[in-house]
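Printed here is run_1.cif (mmCIF, C-alpha atoms and all ligand atoms):
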data_data
#
loop_
_atom_site.label_atom_id
_atom_site.label_comp_id
_atom_site.auth_asym_id
_atom_site.auth_seq_id
_atom_site.Cartn_x
_atom_site.Cartn_y
_atom_site.Cartn_z
CA MET A 111 -36.68 11.86 -8.65
CA SER A 112 -33.01 11.97 -7.83
CA THR A 113 -31.50 12.91 -4.48
CA PRO A 114 -28.97 15.74 -4.09
CA ALA A 115 -26.22 13.14 -3.62
CA GLN A 116 -27.24 11.37 -6.86
CA ARG A 117 -27.16 14.70 -8.71
CA MET A 118 -23.70 15.37 -7.24
CA VAL A 119 -22.56 12.02 -8.66
CA ALA A 120 -23.98 12.81 -12.11
CA GLU A 121 -22.78 16.41 -12.30
CA GLN A 122 -19.53 16.57 -10.31
CA LEU A 123 -18.08 13.06 -10.21
CA ARG A 124 -18.85 11.11 -13.41
CA PRO A 125 -17.74 13.95 -15.72
CA HIS A 126 -14.48 14.41 -13.80
CA GLY A 127 -12.86 11.01 -13.86
CA VAL A 128 -14.73 8.97 -11.25
CA THR A 129 -15.57 5.76 -13.13
CA ASP A 130 -15.58 3.11 -10.38
CA GLU A 131 -19.25 2.18 -9.91
CA ARG A 132 -18.71 1.07 -6.30
CA VAL A 133 -17.22 4.47 -5.48
CA LEU A 134 -20.05 6.28 -7.31
CA ASN A 135 -22.66 4.22 -5.42
CA ALA A 136 -20.95 4.93 -2.11
CA MET A 137 -20.88 8.67 -2.84
CA ALA A 138 -24.57 8.60 -3.82
CA SER A 139 -25.54 6.81 -0.61
CA VAL A 140 -23.80 8.92 2.07
CA PRO A 141 -25.72 12.06 3.17
CA ARG A 142 -22.96 14.72 3.25
CA GLU A 143 -25.24 17.25 5.00
CA GLU A 144 -25.29 15.05 8.12
CA PHE A 145 -21.55 15.66 8.59
CA LEU A 146 -21.88 19.46 8.56
CA SER A 147 -22.94 22.02 11.15
CA PRO A 148 -26.51 23.35 10.67
CA ARG A 149 -25.32 26.60 9.11
CA MET A 150 -23.18 24.81 6.49
CA ARG A 151 -25.83 22.27 5.50
CA ARG A 152 -27.27 24.26 2.63
CA HIS A 153 -23.84 24.07 0.97
CA ALA A 154 -23.55 20.29 1.39
CA TYR A 155 -23.63 19.38 -2.31
CA GLU A 156 -21.53 22.24 -3.66
CA ASP A 157 -18.40 21.27 -5.52
CA ARG A 158 -15.94 22.40 -2.84
CA ALA A 159 -14.35 21.80 0.55
CA LEU A 160 -16.30 23.26 3.49
CA ALA A 161 -15.38 24.45 6.97
CA ILE A 162 -15.97 22.14 9.95
CA ASP A 163 -14.97 22.76 13.60
CA CYS A 164 -11.43 23.32 14.93
CA GLY A 165 -10.36 25.27 11.81
CA GLN A 166 -10.48 22.08 9.71
CA THR A 167 -12.26 21.22 6.46
CA ILE A 168 -14.37 18.45 4.94
CA SER A 169 -12.81 17.67 1.55
CA GLN A 170 -14.42 18.43 -1.79
CA PRO A 171 -16.60 15.43 -2.83
CA LEU A 172 -14.61 14.97 -6.06
CA VAL A 173 -11.36 14.67 -4.07
CA VAL A 174 -12.92 12.15 -1.65
CA ALA A 175 -14.14 10.08 -4.62
CA LEU A 176 -10.88 10.24 -6.57
CA MET A 177 -8.87 9.28 -3.47
CA ALA A 178 -11.17 6.33 -2.80
CA GLN A 179 -10.95 5.22 -6.43
CA ALA A 180 -7.15 5.51 -6.44
CA ALA A 181 -6.98 3.21 -3.41
CA SER A 182 -8.71 0.40 -5.42
CA PRO A 183 -10.78 -0.75 -2.40
CA ASN A 184 -12.10 -4.31 -2.23
CA PRO A 185 -15.10 -5.42 -0.15
CA ASP A 186 -12.91 -7.53 2.16
CA ASP A 187 -10.30 -4.84 2.77
CA ILE A 188 -9.40 -3.23 6.05
CA ALA A 189 -8.74 0.49 5.72
CA LEU A 190 -6.99 3.07 7.87
CA GLU A 191 -7.86 6.74 7.50
CA VAL A 192 -5.71 9.50 9.02
CA GLY A 193 -7.68 12.70 9.70
CA THR A 194 -11.30 11.82 10.54
CA GLY A 195 -12.48 15.44 10.51
CA SER A 196 -16.25 15.27 10.10
CA GLY A 197 -16.26 11.50 9.46
CA TYR A 198 -17.62 11.91 5.91
CA ALA A 199 -14.73 10.25 4.04
CA ALA A 200 -14.69 7.46 6.65
CA ALA A 201 -18.40 6.88 5.95
CA VAL A 202 -17.77 6.69 2.20
CA THR A 203 -14.83 4.32 2.77
CA SER A 204 -16.96 2.13 5.03
CA ARG A 205 -19.20 1.39 2.04
CA LEU A 206 -16.17 0.19 0.07
CA CYS A 207 -14.23 -1.85 2.66
CA ARG A 208 -15.02 -4.39 5.36
CA ARG A 209 -13.71 -2.29 8.21
CA VAL A 210 -12.38 1.25 8.66
CA ILE A 211 -10.21 2.59 11.48
CA THR A 212 -10.01 6.37 11.38
CA ILE A 213 -7.67 8.46 13.55
CA GLU A 214 -8.16 12.10 14.53
CA ARG A 215 -5.84 14.20 16.70
CA GLU A 216 -8.54 16.69 17.81
CA PRO A 217 -10.65 14.94 20.49
CA ALA A 218 -13.67 17.21 19.88
CA LEU A 219 -13.76 16.34 16.18
CA ALA A 220 -13.27 12.63 16.88
CA GLU A 221 -16.12 12.61 19.38
CA HIS A 222 -18.49 14.46 17.07
CA ALA A 223 -17.62 12.26 14.06
CA SER A 224 -18.03 9.14 16.15
CA GLU A 225 -21.53 10.26 17.24
CA THR A 226 -22.55 11.07 13.66
CA LEU A 227 -21.29 7.72 12.34
CA ARG A 228 -23.05 5.84 15.14
CA ARG A 229 -26.32 7.71 14.60
CA LEU A 230 -26.24 6.94 10.86
CA ARG A 231 -25.36 3.28 11.55
CA PHE A 232 -21.95 3.17 9.90
CA ASP A 233 -21.20 0.25 12.19
CA ASN A 234 -17.96 -0.89 10.54
CA VAL A 235 -16.10 2.35 11.34
CA GLU A 236 -14.05 2.88 14.49
CA VAL A 237 -12.83 6.36 15.42
CA ALA A 238 -9.62 6.63 17.45
CA VAL A 239 -8.02 9.73 18.97
CA GLY A 240 -4.30 10.01 18.40
CA ASP A 241 -1.40 11.00 16.20
CA GLY A 242 -2.08 9.39 12.85
CA THR A 243 1.53 9.80 11.72
CA LEU A 244 2.16 6.75 13.94
CA GLY A 245 -0.59 4.79 12.20
CA TRP A 246 -2.62 2.31 14.26
CA GLN A 247 -0.47 -0.70 14.96
CA ALA A 248 -3.19 -2.72 16.74
CA GLU A 249 -5.00 -3.63 13.50
CA ALA A 250 -2.12 -3.42 10.99
CA PRO A 251 -1.39 -4.31 8.24
CA TYR A 252 -3.88 -2.38 6.10
CA ASP A 253 -5.01 -2.99 2.52
CA VAL A 254 -5.88 0.67 2.12
CA ILE A 255 -4.54 3.80 3.87
CA LEU A 256 -6.10 7.20 3.15
CA VAL A 257 -4.41 10.30 4.54
CA ALA A 258 -6.60 13.42 4.59
CA ALA A 259 -3.91 15.94 5.57
CA ALA A 260 -0.70 16.92 3.79
CA ALA A 261 2.63 15.49 4.93
CA SER A 262 6.00 17.05 4.17
CA GLU A 263 7.47 13.60 4.65
CA VAL A 264 5.56 10.36 4.21
CA PRO A 265 5.35 8.84 7.72
CA GLN A 266 7.43 5.67 7.89
CA ALA A 267 4.94 4.04 10.29
CA LEU A 268 2.23 4.28 7.63
CA LEU A 269 4.45 2.67 4.99
CA ASP A 270 5.31 -0.06 7.52
CA GLN A 271 1.62 -0.72 8.23
CA LEU A 272 0.73 -1.16 4.55
CA ARG A 273 0.08 -4.80 3.61
CA ASP A 274 1.96 -6.35 0.69
CA GLY A 275 -0.09 -5.17 -2.31
CA GLY A 276 -1.70 -2.44 -0.17
CA ARG A 277 -2.35 1.09 -1.47
CA MET A 278 -1.85 4.36 0.40
CA VAL A 279 -3.22 7.65 -0.95
CA ILE A 280 -1.55 10.71 0.60
CA PRO A 281 -1.04 14.39 -0.28
CA VAL A 282 2.67 15.25 -0.09
CA ALA A 283 3.77 18.85 0.46
CA ILE A 284 6.83 19.43 -1.70
CA SER A 285 7.23 23.16 -1.07
CA VAL A 286 5.24 25.73 0.89
CA HIS A 287 4.76 27.74 -2.31
CA GLU A 288 3.13 25.00 -4.35
CA PRO A 289 0.02 22.85 -4.12
CA GLN A 290 0.61 19.39 -2.69
CA ASP A 291 1.12 16.31 -4.84
CA LEU A 292 -1.54 13.65 -4.27
CA ARG A 293 0.22 10.28 -4.51
CA VAL A 294 -0.61 6.56 -4.42
CA TYR A 295 2.03 4.41 -2.74
CA VAL A 296 1.86 0.67 -3.41
CA ARG A 297 3.75 -1.90 -1.35
CA GLN A 298 5.38 -4.67 -3.40
CA GLY A 299 7.16 -6.88 -0.89
CA SER A 300 9.91 -4.85 0.76
CA GLN A 301 9.65 -2.13 -1.92
CA VAL A 302 7.20 0.76 -2.06
CA VAL A 303 6.57 2.54 -5.36
CA TYR A 304 4.45 5.62 -5.96
CA ARG A 305 2.78 7.53 -8.74
CA SER A 306 1.51 11.10 -8.70
CA LEU A 307 -2.18 11.77 -9.27
CA PHE A 308 -2.85 15.54 -9.32
CA PRO A 309 -2.22 18.73 -7.29
CA VAL A 310 -4.37 19.26 -4.18
CA LEU A 311 -4.73 21.59 -1.19
CA PHE A 312 -5.15 19.86 2.19
CA VAL A 313 -4.67 21.12 5.74
CA PRO A 314 -1.26 20.10 7.18
CA LEU A 315 -0.67 16.71 8.79
CA ARG A 316 0.62 17.59 12.24
CA SER A 317 2.66 15.31 14.41
CA GLY A 318 2.82 14.94 18.16
N1 LIG A 401 -11.54 13.26 6.07
C1 LIG A 401 -12.14 14.42 6.70
C2 LIG A 401 -11.41 15.71 6.40
C3 LIG A 401 -10.17 15.78 7.16
S1 LIG A 401 -9.38 17.36 7.33
C4 LIG A 401 -13.61 14.55 6.35
O1 LIG A 401 -14.11 13.77 5.54
O2 LIG A 401 -14.27 15.40 6.94
C5 LIG A 401 -7.90 16.76 8.06
C6 LIG A 401 -8.02 16.30 9.47
O3 LIG A 401 -6.76 15.75 9.84
C7 LIG A 401 -8.31 17.40 10.49
O4 LIG A 401 -9.48 17.07 11.20
C8 LIG A 401 -7.06 17.40 11.39
O5 LIG A 401 -7.36 17.68 12.75
C9 LIG A 401 -6.56 15.99 11.21
N2 LIG A 401 -5.14 15.77 11.49
C10 LIG A 401 -4.07 16.56 11.21
N3 LIG A 401 -2.93 15.98 11.62
C11 LIG A 401 -3.28 14.77 12.16
C12 LIG A 401 -2.55 13.70 12.75
N4 LIG A 401 -1.22 13.71 12.88
N5 LIG A 401 -3.24 12.62 13.19
C13 LIG A 401 -4.60 12.56 13.09
N6 LIG A 401 -5.34 13.54 12.54
C14 LIG A 401 -4.69 14.64 12.07
#

As C-alpha cells, please, write out the structure in this file.
Amino acid sequence: MSTPAQRMVAEQLRPHGVTDERVLNAMASVPREEFLSPRMRRHAYEDRALAIDCGQTISQPLVVALMAQAASPNPDDIALEVGTGSGYAAAVTSRLCRRVITIEREPALAEHASETLRRLRFDNVEVAVGDGTLGWQAEAPYDVILVAAAASEVPQALLDQLRDGGRMVIPVAISVHEPQDLRVYVRQGSQVVYRSLFPVLFVPLRSG
C-alpha cells in the first residue's frame, strides 16, 4: 500500500524532472494535508498550488521539489527560507538540511506555521516574523536560500548572506505581463552567477 504522498512522488514528481532521491524521500515523508485548512485538505495531493490564509498560497508540490533539488542541499547545510506561508516547504527543506530558518512577514501565518511544525516535530526549523528581503543576519551565511515569493529585484541582503559556494533559488519578476523567471544564484567568492530554470507564478515578495 502506498500513501498519497508516495503516489504524488510517483505520478507528479519523478516523471517531471525530480531525480534527487533525497528530495523525493523528503516529499514522500511530509504530510501536505497537515499544512492546509480543513476545507482544503481533500485537495492536498493535487498537482497545483492551493489557497492558505491571508490571500497567500502553498506552492505546487512539483515546484517545491524542483526548487529544493536546484538548491543542491547537503545534510550539514543551514538553509534560509523567505516566505514561510503554511510551513510546508520549510518542512520539506528540514528533511534535507541540518537547520532551517524561515521568515514570514504575516504574523498570523508565521504563528500558525510554527504551531504546525512544532506539532509534527520538525524540530530543526525556526520560524521568524519579519521582512525577508533583509534576510536573517543572525545566522548568516547560508548554504541554501529559498525564496517563495517573486522579487522584481534580487535583494542584496540575500546575496550578501549566501556562503561562498551557496545556492539561492528565487523567482524573479521581469515584467508584470510575463511569468517570473525561476533562477539559481551561486556565490563564487565575490562573484555571483545565475542560471534560469523555468517560468513560474509566485505571489509578490513585498518589502517593509
Ligand atoms: N513556502 C510557502 C508558500 C509561500 S507563499 C509554503 O510552503 O506554504 C509566499 C509567502 O511569502 C506568503 O506567505 C507571504 O506572506 C510571504 N512574503 C511575501 N513577502 C515577504 C517578505 N518580504 N518577507 C517574508 N515573507 C514574505

Self-check item: Top pick for closest residue to ligand LIG 401 (chain A), considering A:Ala223, A:Ala138, A:Val210, A:Leu272 and counting all atoms listed in the file
Solution: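 Closest candidate: A:Ala223.
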
Quiz item: Suppose you want the space between CA of Ala181 (chain A) and atom N2 of ligand LIG 401 (chain A); what is it in Å?
Solution: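 Value for the CA of Ala181 (chain A)-atom N2 of ligand LIG 401 (chain A) distance: 19.6 Å.
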
Self-check item: Point-to-point distance from CA of Asp130 (chain A) to CA of Ala250 (chain A), Å rounded to tenths
Solution: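 Pair CA of Asp130 (chain A) / CA of Ala250 (chain A) returns 26.1 Å.
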
Exercise. Go through A:Ala115, A:Leu172, A:Ala260, A:Ala200 and flag the residue nearest Ile188 (chain A), using only C-alpha atoms for the distances.
Key: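 Distance minimum relative to Ile188 (chain A) lands on A:Ala200.
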
Exercise. Can you work out the spacing between CA of Val140 (chain A) and CA of Arg209 (chain A) in Å, to one decimal?
Key: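 That distance, rounded to one decimal, is 16.3 Å.
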
Exercise. List all protein, DNA and RNA residues that have any atom at most 6 Å from ligand LIG 401 (chain A), counting all atoms listed in the file, and write the list as a list in words.
Key: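 Checked against 6 Å with all atoms listed in the file; the hits are Gln166, Thr167, Ile168, Ser169, Val192, Gly193, Thr194, Gly195, Ser196, Gly197, Tyr198, Ala199, Ile213, Glu214, Arg215, Glu216, Gly240, Asp241, Gly242, Thr243, Ala258, Ala259, Val313, Leu315, Arg316 and Ser317 of chain A.
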
Quiz item: So which residues touch Gln301 (chain A) within 12 Å, counting only C-alpha atoms, skipping near sequence neighbours fewer than 4 positions away, as a list in words?
Solution: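 Using only C-alpha atoms, the neighbours found are Leu269, Asp270, Leu272, Arg273, Asp274, Gly275, Gly276, Tyr295, Val296 and Arg297 of chain A.
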
Quiz item: Which polymer residues, protein or nucleic acid, are no farther than 7 Å from (-8.0, -0.5, 6.8), counting all atoms listed in the file, as a count of residues only?
Solution: 11

So that I can check the surroundings of Asp157 (chain A), please list as a short mmCIF file (atom, residue, chain, number, x, y, z; two decimals) with C-alpha atoms, keeping the file's coordinate frame every protein, DNA and RNA residue that reaches within 9 Å of it, counting all atoms listed in the file and ignoring chain neighbours fewer than 4 positions away.
data_model
loop_
_atom_site.label_atom_id
_atom_site.label_comp_id
_atom_site.auth_asym_id
_atom_site.auth_seq_id
_atom_site.Cartn_x
_atom_site.Cartn_y
_atom_site.Cartn_z
CA MET A 118 -23.70 15.37 -7.24
CA GLN A 122 -19.53 16.57 -10.31
CA HIS A 153 -23.84 24.07 0.97
CA GLN A 170 -14.42 18.43 -1.79
CA PRO A 171 -16.60 15.43 -2.83
CA LEU A 172 -14.61 14.97 -6.06
#

Quiz item: Out of A:Leu227, A:Leu160, A:Ala218, A:Met278, which residue has the shortest atom-to-atom distance to Val239 (chain A) when counting all atoms listed in the file?
Solution: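 Closest to Val239 (chain A), using all atoms listed in the file: A:Ala218.
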
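Nearest residue to Arg152 (chain A), choosing from A:Pro185, A:Pro114, A:Gly127, A:Pro265 and counting all atoms listed in the file: A:Pro114.
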
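For the residues A:Val257, A:Gln266, A:Tyr304, A:Phe312, ranking by smallest atom-to-atom distance to Ala283 (chain A) using all atoms listed in the file places A:Phe312 first.
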
Quiz prompt | Residue nearest Asn184 (chain A) - candidates A:Leu146, A:Cys207, A:Leu134, A:Cys164, atoms counted: all atoms listed in the file | solution =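 Closest residue, counting all atoms listed in the file: A:Cys207.
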
Report the centre and edge lengths, in Å to one decimal, of an axis-aligned box enclosing every atom of region 250-257 of chain A listed in the file, padded by 4 Å on each side, as lines of an AutoDock Vina configuration file.
center_x = -3.7
center_y = 3.0
center_z = 6.6
size_x = 12.7
size_y = 22.6
size_z = 16.9

Quiz item: Could you pull the residues within 9 Å of Val294 (chain A), counting only C-alpha atoms, minus those fewer than 4 positions along the same chain, as a list in words?
Solution: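 In the requested format, the answer is Met177, Ala180, Ala181, Arg277, Met278, Val279, Ile280, Pro281, Val303, Tyr304, Arg305, Ser306 and Leu307 of chain A.
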
Restore N, CA and C atoms in region 264-282 of chain A and list the result as a short mmCIF file (atom, residue, chain, number, x, y, z; two decimals), in the coordinates of the input.
data_model
loop_
_atom_site.label_atom_id
_atom_site.label_comp_id
_atom_site.auth_asym_id
_atom_site.auth_seq_id
_atom_site.Cartn_x
_atom_site.Cartn_y
_atom_site.Cartn_z
N VAL A 264 6.50 11.47 4.06
CA VAL A 264 5.56 10.36 4.21
C VAL A 264 5.92 9.60 5.49
N PRO A 265 5.00 9.52 6.46
CA PRO A 265 5.35 8.84 7.72
C PRO A 265 5.75 7.38 7.51
N GLN A 266 6.92 7.03 8.05
CA GLN A 266 7.43 5.67 7.89
C GLN A 266 6.48 4.64 8.50
N ALA A 267 5.84 5.01 9.63
CA ALA A 267 4.94 4.04 10.29
C ALA A 267 3.80 3.65 9.35
N LEU A 268 3.33 4.60 8.55
CA LEU A 268 2.23 4.28 7.63
C LEU A 268 2.70 3.34 6.53
N LEU A 269 3.90 3.59 6.01
CA LEU A 269 4.45 2.67 4.99
C LEU A 269 4.63 1.28 5.59
N ASP A 270 5.08 1.23 6.85
CA ASP A 270 5.31 -0.06 7.52
C ASP A 270 4.00 -0.82 7.75
N GLN A 271 2.90 -0.08 7.91
CA GLN A 271 1.62 -0.72 8.23
C GLN A 271 0.79 -1.05 6.98
N LEU A 272 1.41 -0.85 5.81
CA LEU A 272 0.73 -1.16 4.55
C LEU A 272 1.01 -2.63 4.19
N ARG A 273 -0.06 -3.38 3.96
CA ARG A 273 0.08 -4.80 3.61
C ARG A 273 0.77 -4.94 2.24
N ASP A 274 1.39 -6.08 2.01
CA ASP A 274 1.96 -6.35 0.69
C ASP A 274 0.82 -6.25 -0.34
N GLY A 275 0.99 -5.42 -1.34
CA GLY A 275 -0.09 -5.17 -2.31
C GLY A 275 -1.02 -4.04 -1.90
N GLY A 276 -0.83 -3.51 -0.68
CA GLY A 276 -1.70 -2.44 -0.17
C GLY A 276 -1.41 -1.11 -0.85
N ARG A 277 -2.43 -0.22 -0.82
CA ARG A 277 -2.35 1.09 -1.47
C ARG A 277 -2.56 2.20 -0.45
N MET A 278 -1.67 3.18 -0.47
CA MET A 278 -1.85 4.36 0.40
C MET A 278 -1.97 5.61 -0.47
N VAL A 279 -3.03 6.40 -0.22
CA VAL A 279 -3.22 7.65 -0.95
C VAL A 279 -2.94 8.79 0.03
N ILE A 280 -2.01 9.68 -0.33
CA ILE A 280 -1.55 10.71 0.60
C ILE A 280 -1.12 11.97 -0.16
N PRO A 281 -1.55 13.15 0.31
CA PRO A 281 -1.04 14.39 -0.28
C PRO A 281 0.34 14.70 0.31
N VAL A 282 1.31 14.97 -0.56
CA VAL A 282 2.67 15.25 -0.09
C VAL A 282 3.01 16.70 -0.43
#
